[in-house]
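S.K.: Structure incoming, see below.
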Amino acid sequence: MSAKEKNPALKRFGTNVRALREKRELSQEALAEIADLDRTYIGGLERGERNATLGSILRIAKALKTSASELCEGIDR
């Protein structure tokens, strides 16, 4: 896979994060602050450009008041 092609699982994860963030009416900056992560990291995740660690997934899930499994919904399809 070239650098320009995004991993479908990462893309789906990012789409899930963005959808839940927007549902909670949070900006990337607000989510990053609550999860104690960098805003650019959240942006990279949402675009499918970054591969989240388990720790980051758990922090994002907690910040969004959801589960890690909900964030990962559909990534294996």
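Identifiers in the structure tokens: chain A, B, ... in order shown; residue index from 1 per chain; ligand index from 1 in order shown.
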Which residues are near range 36-52 of chain A? Cut-off 9 Å, only C-alpha atoms, ignore same chain within fewer than 3 positions. Put them as a PyMOL selection string.
M.R.: chain A and resi 6-18+28-33+55-57+59-60
S.K.: Enumerate, as a PyMOL selection string, the complete set of residues in chain A that a backbone-based DSSP assignment places in alpha helix (DSSP H).
M.R.: chain A and resi 8-23+28-35+39-46+54-63+68-71
S.K.: What lies within 12 Å of Leu54 in chain A using only C-alpha atoms, ignoring chain neighbours under 6 positions off, as a CSV table (one decimal) with N, CA, C and O atoms, in the first residue's frame?
M.R.:
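out18.csv written:
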```csv
chain,number,residue,atom,x,y,z
A,60,ILE,N,-9.8,8.1,24.1
A,60,ILE,CA,-10.8,8.7,23.2
A,60,ILE,C,-12.2,8.2,23.5
A,60,ILE,O,-13.2,9.0,23.6
A,61,ALA,N,-12.3,6.9,23.8
A,61,ALA,CA,-13.6,6.3,24.1
A,61,ALA,C,-14.2,6.9,25.4
A,61,ALA,O,-15.3,7.3,25.5
A,68,ALA,N,-14.6,1.4,23.5
A,68,ALA,CA,-13.6,1.1,22.5
A,68,ALA,C,-14.2,0.3,21.3
A,68,ALA,O,-13.9,0.5,20.2
A,69,SER,N,-15.1,-0.6,21.7
A,69,SER,CA,-15.7,-1.5,20.6
A,69,SER,C,-16.6,-0.6,19.7
A,69,SER,O,-16.6,-0.9,18.5
A,71,LEU,N,-16.0,2.5,18.9
A,71,LEU,CA,-15.1,3.2,18.0
A,71,LEU,C,-14.6,2.3,16.9
A,71,LEU,O,-14.2,2.8,15.8
A,72,CYS,N,-14.5,1.0,17.2
A,72,CYS,CA,-13.9,0.1,16.3
A,72,CYS,C,-14.9,-0.6,15.4
A,72,CYS,O,-14.6,-1.5,14.6
```
